[in-house]
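A.B. asks: Handing over structure.txt, compact mmCIF, C-alpha atoms and all ligand atoms.
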# COMPACT_ATOMS: atom_id res chain seq x y z
CA MET A 1 25.50 12.59 14.72
CA LYS A 2 23.54 15.50 13.23
CA PRO A 3 23.11 15.38 9.47
CA GLU A 4 24.91 18.01 7.39
CA PRO A 5 22.64 20.86 6.25
CA VAL A 6 21.64 20.68 2.58
CA ARG A 7 19.85 22.92 0.11
CA VAL A 8 17.43 21.89 -2.60
CA ARG A 9 16.89 24.45 -5.38
CA ILE A 10 13.51 24.94 -6.96
CA ASP A 11 14.02 26.35 -10.45
CA LEU A 12 11.26 28.72 -11.43
CA GLY A 13 13.10 31.49 -13.28
CA GLU A 14 12.88 34.73 -11.35
CA ARG A 15 10.76 32.97 -8.72
CA SER A 16 13.46 30.34 -7.98
CA TYR A 17 14.39 29.69 -4.36
CA ASP A 18 16.23 27.35 -2.01
CA ILE A 19 14.84 24.91 0.51
CA HIS A 20 17.26 24.80 3.47
CA ILE A 21 17.14 21.46 5.29
CA GLY A 22 19.05 20.62 8.48
CA CYS A 23 19.29 20.86 12.25
CA GLY A 24 19.62 24.11 14.21
CA LEU A 25 18.54 26.27 11.27
CA LEU A 26 15.80 28.21 13.10
CA ASP A 27 18.19 30.11 15.39
CA SER A 28 21.00 30.52 12.89
CA PRO A 29 21.34 34.01 11.31
CA ALA A 30 22.84 32.30 8.24
CA SER A 31 19.38 30.87 7.44
CA TYR A 32 18.05 34.38 6.83
CA ALA A 33 21.11 35.90 5.14
CA GLY A 34 20.42 37.53 1.80
CA LEU A 35 16.70 38.08 2.36
CA PRO A 36 15.59 41.57 1.27
CA ALA A 37 16.19 44.16 3.95
CA GLY A 38 12.59 44.97 4.82
CA THR A 39 11.60 47.39 7.53
CA ALA A 40 9.48 44.89 9.38
CA ALA A 41 9.10 41.16 9.77
CA ALA A 42 5.82 39.57 10.81
CA VAL A 43 5.92 36.03 12.15
CA VAL A 44 2.56 34.38 11.48
CA THR A 45 2.05 31.37 13.72
CA ASN A 46 -0.58 29.73 15.90
CA ARG A 47 -1.30 29.35 19.61
CA THR A 48 0.37 25.93 19.78
CA VAL A 49 3.57 26.75 17.93
CA ALA A 50 4.01 30.28 19.32
CA PRO A 51 5.08 29.26 22.85
CA LEU A 52 7.46 26.65 21.41
CA LEU A 53 9.25 28.59 18.70
CA ALA A 54 8.02 32.14 17.99
CA GLU A 55 10.27 34.04 20.42
CA ARG A 56 13.31 32.19 19.08
CA LEU A 57 12.47 33.16 15.50
CA ALA A 58 11.67 36.73 16.55
CA ALA A 59 15.03 36.96 18.35
CA VAL A 60 17.09 35.94 15.34
CA LEU A 61 15.05 38.18 13.01
CA GLY A 62 15.50 41.06 15.45
CA ALA A 63 19.12 41.37 14.35
CA GLN A 64 18.03 41.92 10.74
CA PHE A 65 14.75 43.84 10.91
CA LYS A 66 13.88 47.11 12.70
CA ARG A 67 10.63 45.65 13.95
CA VAL A 68 9.43 42.09 14.47
CA GLN A 69 5.80 41.34 15.21
CA ILE A 70 4.28 37.98 16.16
CA ILE A 71 0.77 37.24 14.88
CA GLU A 72 -0.95 34.33 16.63
CA LEU A 73 -3.87 32.58 14.96
CA PRO A 74 -6.09 29.89 16.44
CA ASP A 75 -4.80 26.36 15.79
CA GLY A 76 -6.45 23.90 13.45
CA GLU A 77 -7.74 23.05 10.00
CA ALA A 78 -11.15 24.38 11.05
CA TYR A 79 -9.57 27.87 11.22
CA LYS A 80 -8.14 27.80 7.70
CA ASP A 81 -10.82 30.27 6.72
CA TRP A 82 -11.65 33.89 5.91
CA THR A 83 -11.96 34.90 9.56
CA ALA A 84 -8.47 33.74 10.52
CA LEU A 85 -7.03 35.11 7.27
CA ASN A 86 -8.57 38.46 8.04
CA GLY A 87 -6.93 38.28 11.47
CA ILE A 88 -3.55 38.46 9.70
CA PHE A 89 -4.60 41.62 7.82
CA ASP A 90 -6.01 43.16 11.02
CA ALA A 91 -2.70 42.60 12.81
CA LEU A 92 -0.55 43.87 9.92
CA LEU A 93 -2.61 47.03 9.44
CA GLY A 94 -2.96 47.53 13.19
CA ALA A 95 0.84 47.62 13.42
CA ALA A 96 1.09 49.96 10.40
CA CYS A 97 3.10 47.43 8.40
CA ASP A 98 4.17 48.68 4.98
CA ARG A 99 4.84 47.05 1.61
CA LYS A 100 8.40 46.19 2.62
CA THR A 101 7.15 43.89 5.36
CA ILE A 102 8.20 40.23 5.05
CA LEU A 103 5.90 37.56 6.43
CA PHE A 104 7.37 34.43 8.03
CA ALA A 105 5.06 31.41 8.15
CA LEU A 106 6.04 29.54 11.32
CA GLY A 107 4.02 26.35 11.68
CA GLY A 108 2.44 23.53 9.74
CA GLY A 109 0.61 23.51 6.44
CA VAL A 110 -2.37 25.47 7.73
CA ILE A 111 -0.20 28.42 8.75
CA GLY A 112 1.93 28.10 5.61
CA ASP A 113 -1.04 28.05 3.24
CA MET A 114 -2.74 31.00 4.97
CA THR A 115 0.42 33.10 5.28
CA GLY A 116 1.24 32.61 1.61
CA PHE A 117 -2.28 33.65 0.68
CA ALA A 118 -2.14 36.68 3.00
CA ALA A 119 1.25 37.68 1.53
CA ALA A 120 -0.23 37.61 -1.99
CA CYS A 121 -3.08 39.91 -0.96
CA PHE A 122 -1.62 42.33 1.62
CA MET A 123 -1.02 45.67 -0.14
CA ARG A 124 -1.26 43.67 -3.42
CA GLY A 125 1.67 41.50 -2.49
CA VAL A 126 4.51 41.30 0.03
CA PRO A 127 7.25 38.63 0.19
CA TYR A 128 7.11 35.68 2.54
CA VAL A 129 9.34 32.92 3.86
CA GLN A 130 8.20 29.43 4.85
CA VAL A 131 9.50 28.10 8.17
CA PRO A 132 7.71 24.73 8.29
CA THR A 133 7.55 23.01 11.67
CA THR A 134 5.59 19.85 10.85
CA LEU A 135 6.93 16.92 8.86
CA LEU A 136 4.07 17.34 6.40
CA ALA A 137 4.91 20.98 5.83
CA GLN A 138 8.64 20.26 5.46
CA VAL A 139 8.11 17.60 2.77
CA ASP A 140 5.20 19.12 0.93
CA SER A 141 3.09 22.15 1.79
CA SER A 142 5.89 24.72 2.29
CA VAL A 143 7.27 23.95 -1.18
CA GLY A 144 5.71 24.90 -4.49
CA GLY A 145 3.67 28.01 -3.78
CA LYS A 146 0.15 26.63 -3.45
CA THR A 147 -1.70 28.78 -0.93
CA ALA A 148 -5.34 28.63 0.06
CA ILE A 149 -8.10 28.61 2.61
CA ASN A 150 -10.93 26.08 2.79
CA HIS A 151 -14.54 26.68 1.77
CA PRO A 152 -17.35 24.79 3.56
CA LEU A 153 -18.03 23.07 0.20
CA GLY A 154 -14.45 22.08 -0.56
CA LYS A 155 -10.81 21.93 0.62
CA ASN A 156 -8.36 24.63 -0.50
CA MET A 157 -10.92 26.08 -2.90
CA ILE A 158 -9.99 29.73 -2.44
CA GLY A 159 -6.36 30.61 -3.02
CA VAL A 160 -3.52 31.62 -5.32
CA PHE A 161 -0.14 30.39 -6.49
CA ASN A 162 2.47 32.45 -4.64
CA GLN A 163 6.04 31.23 -4.27
CA PRO A 164 7.96 31.98 -1.04
CA LEU A 165 11.40 33.61 -1.04
CA ARG A 166 12.89 30.66 0.81
CA VAL A 167 11.96 27.57 2.83
CA ILE A 168 13.79 26.91 6.10
CA ALA A 169 13.10 23.35 7.29
CA ASP A 170 14.74 22.88 10.69
CA LEU A 171 14.51 19.17 11.57
CA ASP A 172 14.95 19.98 15.28
CA THR A 173 11.57 21.72 15.32
CA LEU A 174 9.99 18.29 14.77
CA ASP A 175 11.08 17.15 18.26
CA THR A 176 7.85 18.41 19.82
CA LEU A 177 5.49 17.20 17.11
CA PRO A 178 2.80 14.78 18.37
CA GLN A 179 3.24 11.23 16.97
CA ARG A 180 -0.11 11.39 15.16
CA GLU A 181 1.12 14.49 13.28
CA LEU A 182 4.40 12.75 12.45
CA SER A 183 2.43 9.90 10.88
CA ALA A 184 0.41 12.44 8.90
CA GLY A 185 3.67 13.76 7.47
CA LEU A 186 4.79 10.23 6.59
CA ALA A 187 1.74 9.96 4.31
CA GLU A 188 3.04 12.72 2.04
CA ILE A 189 6.55 11.19 2.08
CA ILE A 190 5.18 7.76 1.10
CA LYS A 191 3.23 9.45 -1.72
CA TYR A 192 6.44 10.35 -3.59
CA GLY A 193 7.39 6.68 -4.01
CA PRO A 194 4.50 5.40 -6.13
CA ILE A 195 4.19 8.62 -8.15
CA ALA A 196 7.84 9.29 -8.93
CA ASP A 197 10.52 7.08 -7.39
CA ASP A 198 10.06 3.38 -6.75
CA ALA A 199 13.53 3.12 -5.16
CA PHE A 200 12.48 5.79 -2.64
CA LEU A 201 9.46 3.66 -1.69
CA ALA A 202 11.80 0.75 -0.99
CA TRP A 203 13.99 3.09 1.12
CA ILE A 204 10.92 4.24 3.08
CA GLU A 205 9.90 0.61 3.64
CA MET A 206 13.37 -0.12 5.08
CA ASN A 207 13.60 3.06 7.16
CA LEU A 208 10.03 3.50 8.39
CA ASP A 209 10.87 2.59 12.00
CA ALA A 210 13.78 5.06 12.03
CA LEU A 211 11.50 7.76 10.64
CA LYS A 212 8.85 6.99 13.28
CA ARG A 213 11.40 7.35 16.07
CA ARG A 214 12.59 10.63 14.47
CA ASP A 215 16.11 9.53 13.65
CA LYS A 216 17.55 12.80 12.30
CA GLY A 217 19.59 11.12 9.56
CA ALA A 218 16.53 9.29 8.26
CA LEU A 219 14.39 12.44 8.49
CA ALA A 220 17.05 14.47 6.66
CA HIS A 221 17.10 12.02 3.76
CA ALA A 222 13.30 11.75 3.61
CA VAL A 223 12.80 15.53 3.64
CA LYS A 224 15.55 16.10 1.06
CA ARG A 225 14.36 13.40 -1.37
CA SER A 226 10.71 14.51 -1.00
CA CYS A 227 11.67 18.13 -1.69
CA GLU A 228 13.81 17.10 -4.68
CA ILE A 229 10.89 15.24 -6.22
CA LYS A 230 8.44 18.03 -5.50
CA ALA A 231 10.87 20.69 -6.79
CA SER A 232 11.34 18.76 -10.03
CA VAL A 233 7.59 18.35 -10.61
CA VAL A 234 6.78 21.97 -9.74
CA ALA A 235 9.61 23.25 -11.96
CA GLN A 236 7.99 21.41 -14.90
CA ASP A 237 4.47 22.64 -14.19
CA GLU A 238 4.22 25.42 -11.61
CA ARG A 239 0.49 26.06 -12.01
CA GLU A 240 -0.71 22.49 -12.43
CA ALA A 241 -1.58 22.53 -16.11
CA ASP A 242 -0.79 18.80 -16.21
CA VAL A 243 2.03 16.87 -14.50
CA ARG A 244 1.82 18.66 -11.11
CA ALA A 245 -1.52 16.92 -10.59
CA ILE A 246 0.37 13.70 -9.75
CA LEU A 247 1.30 15.29 -6.40
CA ASN A 248 -2.38 14.86 -5.59
CA PHE A 249 -2.21 11.05 -5.46
CA GLY A 250 -4.69 9.98 -2.78
CA HIS A 251 -5.98 13.53 -2.42
CA THR A 252 -9.25 13.19 -4.39
CA PHE A 253 -10.54 10.54 -1.98
CA GLY A 254 -8.69 12.27 0.89
CA HIS A 255 -10.22 15.70 0.38
CA ALA A 256 -13.68 14.07 0.22
CA ILE A 257 -12.98 12.47 3.62
CA GLU A 258 -11.79 15.77 5.13
CA THR A 259 -14.72 17.80 3.79
CA GLY A 260 -17.27 15.06 4.41
CA LEU A 261 -16.30 14.57 8.06
CA GLY A 262 -15.77 18.29 8.75
CA TYR A 263 -12.34 19.93 8.63
CA GLY A 264 -10.01 18.76 11.36
CA THR A 265 -11.79 15.49 12.20
CA TRP A 266 -9.19 13.51 10.31
CA LEU A 267 -5.77 15.09 9.78
CA HIS A 268 -4.95 15.95 6.17
CA GLY A 269 -2.16 13.35 6.11
CA GLU A 270 -4.48 10.68 7.53
CA ALA A 271 -7.03 11.37 4.80
CA VAL A 272 -4.28 11.27 2.16
CA GLY A 273 -2.93 7.98 3.58
CA CYS A 274 -6.33 6.32 3.35
CA GLY A 275 -6.97 8.07 0.02
CA MET A 276 -3.80 6.48 -1.39
CA VAL A 277 -5.09 3.02 -0.41
CA MET A 278 -8.27 3.79 -2.34
CA ALA A 279 -6.45 5.32 -5.34
CA ALA A 280 -4.09 2.33 -5.50
CA ASP A 281 -7.07 -0.01 -5.55
CA LEU A 282 -8.64 2.12 -8.29
CA SER A 283 -5.38 1.69 -10.25
CA VAL A 284 -5.73 -2.09 -9.84
CA ARG A 285 -9.38 -2.06 -10.93
CA LEU A 286 -8.46 0.00 -14.01
CA GLY A 287 -5.96 -2.72 -14.92
CA LEU A 288 -2.87 -0.56 -14.42
CA ILE A 289 -1.01 -2.25 -11.53
CA ASP A 290 -1.26 -5.62 -9.82
CA THR A 291 -2.84 -6.26 -6.43
CA THR A 292 0.52 -7.14 -4.87
CA TYR A 293 1.80 -3.58 -5.37
CA ALA A 294 -1.42 -2.04 -3.99
CA MET A 295 -1.28 -4.37 -0.95
CA ARG A 296 2.39 -3.48 -0.38
CA LEU A 297 1.53 0.21 -0.41
CA ARG A 298 -1.38 -0.39 1.97
CA ALA A 299 0.95 -2.23 4.39
CA ILE A 300 3.46 0.65 4.39
CA ILE A 301 0.68 3.18 5.00
CA GLU A 302 -0.68 1.09 7.88
CA ARG A 303 2.81 0.63 9.39
CA ALA A 304 3.22 4.41 9.25
CA GLY A 305 0.34 4.65 11.75
CA LEU A 306 -2.23 5.88 9.25
CA PRO A 307 -5.85 4.78 8.75
CA VAL A 308 -6.43 2.44 5.80
CA VAL A 309 -10.23 2.22 6.03
CA GLY A 310 -12.26 5.31 5.18
CA PRO A 311 -15.34 6.64 6.97
CA ALA A 312 -18.71 5.39 5.74
CA LEU A 313 -19.96 8.61 4.19
CA GLY A 314 -21.88 6.64 1.55
CA VAL A 315 -20.99 6.20 -2.11
CA ALA A 316 -23.24 9.04 -3.32
CA ARG A 317 -21.69 11.52 -0.88
CA TYR A 318 -18.13 10.52 -1.83
CA LEU A 319 -18.95 10.90 -5.52
CA ALA A 320 -20.61 14.28 -4.98
CA LEU A 321 -17.71 15.60 -2.90
CA MET A 322 -15.15 14.37 -5.41
CA ARG A 323 -16.94 16.06 -8.32
CA LEU A 324 -15.98 19.40 -6.70
CA ASP A 325 -12.28 18.43 -6.81
CA LYS A 326 -10.07 21.01 -8.54
CA LYS A 327 -8.94 18.39 -11.07
CA SER A 328 -12.53 17.86 -12.28
CA GLU A 329 -13.23 18.98 -15.82
CA ALA A 330 -16.68 19.39 -17.39
CA GLY A 331 -18.29 17.63 -14.43
CA GLU A 332 -15.99 14.58 -14.69
CA THR A 333 -13.88 13.62 -11.70
CA ARG A 334 -10.24 12.90 -12.57
CA PHE A 335 -8.10 10.67 -10.38
CA VAL A 336 -4.36 10.30 -9.96
CA VAL A 337 -3.66 6.62 -10.51
CA ILE A 338 -0.48 4.54 -10.58
CA GLN A 339 0.35 3.32 -14.07
CA ALA A 340 3.49 1.51 -12.98
CA PRO A 341 5.53 1.61 -9.75
CA GLY A 342 7.05 5.11 -9.63
CA HIS A 343 4.83 6.51 -12.37
CA ALA A 344 1.45 8.22 -11.95
CA VAL A 345 -1.05 9.53 -14.48
CA VAL A 346 -4.40 11.31 -14.30
CA ARG A 347 -7.48 9.39 -15.49
CA VAL A 348 -11.23 9.66 -15.55
CA ALA A 349 -12.76 6.54 -13.97
CA PRO A 350 -16.31 5.22 -14.38
CA ASP A 351 -18.51 5.97 -11.35
CA ALA A 352 -19.32 2.26 -11.05
CA VAL A 353 -15.63 1.38 -10.57
CA VAL A 354 -15.08 4.24 -8.12
CA ALA A 355 -18.16 3.05 -6.21
CA GLU A 356 -16.60 -0.44 -5.92
CA VAL A 357 -13.45 1.14 -4.46
CA ILE A 358 -15.46 3.15 -1.93
CA GLU A 359 -17.49 0.12 -0.89
CA ALA A 360 -14.34 -1.99 -0.49
CA HIS A 361 -12.44 0.54 1.64
CA THR A 362 -14.98 2.27 3.89
CA ARG A 363 -16.70 1.16 7.02
P1 LIG A 401 -1.24 21.78 10.73
O1 LIG A 401 -0.71 22.98 10.10
O2 LIG A 401 -2.62 21.82 11.25
O3 LIG A 401 -0.25 21.32 11.88
C1 LIG A 401 -0.53 20.15 12.59
C2 LIG A 401 -0.55 20.39 14.10
O4 LIG A 401 0.79 20.40 14.58
C3 LIG A 401 -1.18 21.69 14.55
O5 LIG A 401 -1.91 21.48 15.74
C4 LIG A 401 0.03 22.56 14.83
O6 LIG A 401 -0.23 23.59 15.74
C5 LIG A 401 0.98 21.57 15.39
N1 LIG A 401 2.41 21.87 15.28
C6 LIG A 401 3.04 22.47 14.24
N2 LIG A 401 4.35 22.45 14.44
C7 LIG A 401 4.56 21.87 15.64
C8 LIG A 401 5.71 21.56 16.40
N3 LIG A 401 6.94 21.80 15.91
N4 LIG A 401 5.57 20.97 17.59
C9 LIG A 401 4.32 20.66 18.07
N5 LIG A 401 3.19 20.92 17.40
C10 LIG A 401 3.31 21.51 16.19
O7 LIG A 401 -1.19 20.53 9.71
P2 LIG A 401 -0.12 20.05 8.66
O8 LIG A 401 -0.26 18.58 8.62
O9 LIG A 401 1.21 20.64 8.90
O10 LIG A 401 -0.65 20.68 7.29
C11 LIG A 401 -1.89 20.31 6.77
C12 LIG A 401 -2.39 21.43 5.88
O11 LIG A 401 -1.48 21.61 4.80
C13 LIG A 401 -3.74 21.17 5.28
O12 LIG A 401 -4.52 22.32 5.37
C14 LIG A 401 -3.43 20.86 3.83
O13 LIG A 401 -4.48 21.18 2.96
C15 LIG A 401 -2.22 21.71 3.59
N6 LIG A 401 -1.35 21.24 2.50
C16 LIG A 401 -0.96 22.14 1.59
C17 LIG A 401 -0.13 21.77 0.56
C18 LIG A 401 0.38 22.80 -0.42
O14 LIG A 401 0.99 22.41 -1.43
N7 LIG A 401 0.19 24.06 -0.17
C19 LIG A 401 0.34 20.44 0.49
C20 LIG A 401 -0.08 19.54 1.47
C21 LIG A 401 -0.92 19.95 2.48
N1 LIG A 402 0.48 19.16 -2.61
C1 LIG A 402 0.15 19.19 -3.99
C2 LIG A 402 0.87 20.25 -4.75
O1 LIG A 402 1.64 21.00 -4.21
O2 LIG A 402 0.68 20.34 -5.92
Written as structure tokens, that's how I'd like the structure from this file.
C.D. replies:
Amino acid sequence: MKPEPVRVRIDLGERSYDIHIGCGLLDSPASYAGLPAGTAAAVVTNRTVAPLLAERLAAVLGAQFKRVQIIELPDGEAYKDWTALNGIFDALLGAACDRKTILFALGGGVIGDMTGFAAACFMRGVPYVQVPTTLLAQVDSSVGGKTAINHPLGKNMIGVFNQPLRVIADLDTLDTLPQRELSAGLAEIIKYGPIADDAFLAWIEMNLDALKRRDKGALAHAVKRSCEIKASVVAQDEREADVRAILNFGHTFGHAIETGLGYGTWLHGEAVGCGMVMAADLSVRLGLIDTTYAMRLRAIIERAGLPVVGPALGVARYLALMRLDKKSEAGETRFVVIQAPGHAVVRVAPDAVVAEVIEAHTR
């Protein structure tokens, strides 16, 4: 039986919006009802997703917009850069799109992050809608308005906060997702347990096999609960002045892995999964949680099909890469650590302790 569609509200004053979660949402005109009546819609997608879903989205938007254009970018983290971003502007200007154009980000986090950034810049700002088609994008990247491209020296270093008008997370689009990408999405779902909801971690532990075989009921609950947690954190701290940083659990180590290996070598979710193993161990070494909890988390991450041993980049390289993290202040790297199950905080950690973590978890 298909799960009932649900909506999660993200309260941000005049920038508030709904996250629609359910099956069959992509083709349903109701998903797009109430969006501003723009003259044109531009579907930004990539060469992998386009043949699967773009014509379907264009068809339903065709009933609402005078003109619908599909913009296809190359696929991959390695293309989350200025050149691909500029490709969006080339296509929009080439088609004489005006300021009433609405962009639709159809794809995973790479497309979502770049479309949101392009929407903020095109003609000084046009609206956009997130239509996430990976598990990772449905539970994390499409929500909260962080947009960016990568810089060779660091992940997501160039970008802006720009909230979408709406998020439309159609669980049926996940049917074609490769299993490795599904596991990458599970990493960001698992993340919400240790940082915000210990009961959710227990639920994930119980339902991991159902999630891995894409049981729609299990996916619906996981996407909804993840979005609820993210919406609550973002509503408290939209621009990451403090508490929003907890959403970056595992990301300081993870971003170092992604940048150090070259973008796209490990998937973002894989790097975050392994990064959470390292950040949990750091929490143990700082005396915050016991080893049993860190080992339990490691076992869940491994069961999800994610790597739990990081690449041997060398301690010095890890430390140098992590110093460029956006949470760093005055040259000090700050880490999201678990203070108690379901509660995360941000801490500076001595290099010597971080080095022990790196040595223990890389090969
Ligand atoms: P991705 O966008 O690269 O998508 C993963 C792969 O799946 C791609 O090859 C894509 O073409 C393919 N794909 C997408 N939908 C598909 C479908 N329905 N069927 C088959 N294939 C499909 O990666 P991702 O994991 O979705 O996102 C990772 C990116 O998101 C990273 O760049 C990361 O930095 C960013 N991110 C951003 C935030 C945020 O808050 N903005 C949060 C987390 C991650
Ligand atoms: N994915 C981290 C954040 O949105 O803040």
A.B. asks: Name the closest residue to Glu302 of chain A among the candidates A:Ile246, A:Val336, A:Ile190, A:Cys121; distances are taken between atoms, counting all atoms listed in the file.
C.D. replies: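 The shortest atom-to-atom distance to Glu302 of chain A comes from A:Ile190.
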A.B. asks: Counting only C-alpha atoms and all ligand atoms, name the residues that have an atom within 6 Å of an atom of ligand LIG 401 (chain A); the answer should be given as a PyMOL selection string.
C.D. replies: chain A and resi 48-49+75-77+107-111+113+133-134+136-137+140-141+146-147+173-174+176-177+181+268
A.B. asks: Counting all atoms listed in the file, name the residues that have an atom within 9 Å of an atom of ligand LIG 402 (chain A); the answer should be given as a list in words.
C.D. replies: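 Selection of residues at most 9 Å from ligand LIG 402 (chain A): Asp140, Ser141, Ser142, Val143, Gly144, Gly145, Lys146, Glu188, Lys230, Val233, Val234, Glu238, Arg239, Glu240, Arg244, Ala245, Ile246, Leu247, Asn248, Phe249 and His251 of chain A.
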A.B. asks: Write out, as a PDB file, in the coordinates of the input, the residues just selected, with C-alpha atoms.
C.D. replies:
ATOM      1  CA  ASP A 140       5.200  19.120   0.930  1.00  0.00           C
ATOM      2  CA  SER A 141       3.090  22.150   1.790  1.00  0.00           C
ATOM      3  CA  SER A 142       5.890  24.720   2.290  1.00  0.00           C
ATOM      4  CA  VAL A 143       7.270  23.950  -1.180  1.00  0.00           C
ATOM      5  CA  GLY A 144       5.710  24.900  -4.490  1.00  0.00           C
ATOM      6  CA  GLY A 145       3.670  28.010  -3.780  1.00  0.00           C
ATOM      7  CA  LYS A 146       0.150  26.630  -3.450  1.00  0.00           C
ATOM      8  CA  GLU A 188       3.040  12.720   2.040  1.00  0.00           C
ATOM      9  CA  LYS A 230       8.440  18.030  -5.500  1.00  0.00           C
ATOM     10  CA  VAL A 233       7.590  18.350 -10.610  1.00  0.00           C
ATOM     11  CA  VAL A 234       6.780  21.970  -9.740  1.00  0.00           C
ATOM     12  CA  GLU A 238       4.220  25.420 -11.610  1.00  0.00           C
ATOM     13  CA  ARG A 239       0.490  26.060 -12.010  1.00  0.00           C
ATOM     14  CA  GLU A 240      -0.710  22.490 -12.430  1.00  0.00           C
ATOM     15  CA  ARG A 244       1.820  18.660 -11.110  1.00  0.00           C
ATOM     16  CA  ALA A 245      -1.520  16.920 -10.590  1.00  0.00           C
ATOM     17  CA  ILE A 246       0.370  13.700  -9.750  1.00  0.00           C
ATOM     18  CA  LEU A 247       1.300  15.290  -6.400  1.00  0.00           C
ATOM     19  CA  ASN A 248      -2.380  14.860  -5.590  1.00  0.00           C
ATOM     20  CA  PHE A 249      -2.210  11.050  -5.460  1.00  0.00           C
ATOM     21  CA  HIS A 251      -5.980  13.530  -2.420  1.00  0.00           C
TER      22      HIS A 251
END
A.B. asks: If we count only C-alpha atoms and set the cut-off at 7 Å, which residues sit around Ile71 of chain A, ignoring sequence neighbours fewer than 6 positions away in its own chain? Please answer as a ChimeraX atom specification.
C.D. replies: /A:42-45,88,91
A.B. asks: Could you pull the residues within 12 Å of Gln64 of chain A, counting only C-alpha atoms, minus those fewer than 2 positions along the same chain, as a ChimeraX atom specification?
C.D. replies: /A:28-41,57-62,66-68,102
A.B. asks: Measuring between only C-alpha atoms, which one of A:Arg347, A:Arg9, A:Lys80, A:Lys326 shows the shortest distance to Tyr263 of chain A?
C.D. replies: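 Residue with the minimum atom-to-atom distance to Tyr263 of chain A: A:Lys80.
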A.B. asks: Measuring between only C-alpha atoms, which one of A:Glu205, A:Glu270, A:Asp281, A:Glu55 shows the shortest distance to Ala187 of chain A?
C.D. replies: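 Residue with the minimum atom-to-atom distance to Ala187 of chain A: A:Glu270.
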A.B. asks: Give the answer as one residue: which of A:Ile338, A:Leu171, A:Leu182, A:Cys227 has the shortest atom-to-atom distance to Met276 of chain A, using all atoms listed in the file?
C.D. replies: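 Ranked by minimum distance to Met276 of chain A, first place goes to A:Ile338.
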A.B. asks: Nearest to Tyr79 of chain A: which of A:Ala118, A:Pro132, A:Ile149, A:Ala50 is it, counting all atoms listed in the file?
C.D. replies: A:Ile149
A.B. asks: Contacts of Leu93 of chain A at 12 Å or less, counting only C-alpha atoms, minus same-chain residues fewer than 6 places along, as a PDB file with C-alpha atoms, keeping the file's coordinate frame?
C.D. replies:
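part_15.pdb written:
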ATOM      1  CA  ALA A  42       5.820  39.570  10.810  1.00  0.00           C
ATOM      2  CA  GLN A  69       5.800  41.340  15.210  1.00  0.00           C
ATOM      3  CA  ILE A  71       0.770  37.240  14.880  1.00  0.00           C
ATOM      4  CA  ASN A  86      -8.570  38.460   8.040  1.00  0.00           C
ATOM      5  CA  GLY A  87      -6.930  38.280  11.470  1.00  0.00           C
ATOM      6  CA  ARG A  99       4.840  47.050   1.610  1.00  0.00           C
ATOM      7  CA  THR A 101       7.150  43.890   5.360  1.00  0.00           C
ATOM      8  CA  PHE A 122      -1.620  42.330   1.620  1.00  0.00           C
ATOM      9  CA  MET A 123      -1.020  45.670  -0.140  1.00  0.00           C
TER      10      MET A 123
END
A.B. asks: Please determine an axis-aligned box that encloses all atoms of segment 69-83 of chain A listed in the file, with 6 Å added on each side, and express its centre and edge lengths in Å to one decimal as AutoDock Vina command-line options.
C.D. replies:
--center_x -3.1 --center_y 32.2 --center_z 11.3 --size_x 29.8 --size_y 30.3 --size_z 22.7
A.B. asks: One decimal, in Å: what's the spacing between atom CA of Arg214 of chain A and atom CA of Gly273 of chain A?
C.D. replies: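 Spanning atom CA of Arg214 of chain A to atom CA of Gly273 of chain A is a straight-line distance of 19.1 Å.
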A.B. asks: Restricting the calculation to only C-alpha atoms: of A:Asp172, A:Leu25, A:Leu165, A:Ala218, which residue gets closest to Leu52 of chain A?
C.D. replies: A:Asp172
A.B. asks: Could you tell me how far atom CA of Val277 of chain A lies from atom CA of Gly185 of chain A, in Å and to one decimal?
C.D. replies: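 Atom CA of Gly185 of chain A lies at a distance of 15.9 Å from atom CA of Val277 of chain A.
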A.B. asks: Just the residues within 7 Å of Ala271 of chain A, please, counting only C-alpha atoms, with nothing from its chain fewer than 5 positions along; format it as a count of residues only.
C.D. replies: 5
A.B. asks: Could you tell me how far atom CA of Val337 of chain A sits from atom CA of Ala280 of chain A, in Å to one decimal place?
C.D. replies: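 If I compute the distance from atom CA of Ala280 of chain A to atom CA of Val337 of chain A, I get 6.6 Å.
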A.B. asks: I want to know what sits within 12 Å of Asp198 of chain A, based on all atoms listed in the file, with residues of the same chain fewer than 2 positions away left out; could you give that as a PyMOL selection string?
C.D. replies: chain A and resi 190-196+200-205+229+293+297+338+340-344
A.B. asks: Next, the residues of the selection above should be written as a compact mmCIF listing (two decimals), keeping the file's coordinate frame with C-alpha atoms.
C.D. replies:
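part-v9.txt, written as the output of this step:
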# COMPACT_ATOMS: atom_id res chain seq x y z
CA ILE A 190 5.18 7.76 1.10
CA LYS A 191 3.23 9.45 -1.72
CA TYR A 192 6.44 10.35 -3.59
CA GLY A 193 7.39 6.68 -4.01
CA PRO A 194 4.50 5.40 -6.13
CA ILE A 195 4.19 8.62 -8.15
CA ALA A 196 7.84 9.29 -8.93
CA PHE A 200 12.48 5.79 -2.64
CA LEU A 201 9.46 3.66 -1.69
CA ALA A 202 11.80 0.75 -0.99
CA TRP A 203 13.99 3.09 1.12
CA ILE A 204 10.92 4.24 3.08
CA GLU A 205 9.90 0.61 3.64
CA ILE A 229 10.89 15.24 -6.22
CA TYR A 293 1.80 -3.58 -5.37
CA LEU A 297 1.53 0.21 -0.41
CA ILE A 338 -0.48 4.54 -10.58
CA ALA A 340 3.49 1.51 -12.98
CA PRO A 341 5.53 1.61 -9.75
CA GLY A 342 7.05 5.11 -9.63
CA HIS A 343 4.83 6.51 -12.37
CA ALA A 344 1.45 8.22 -11.95
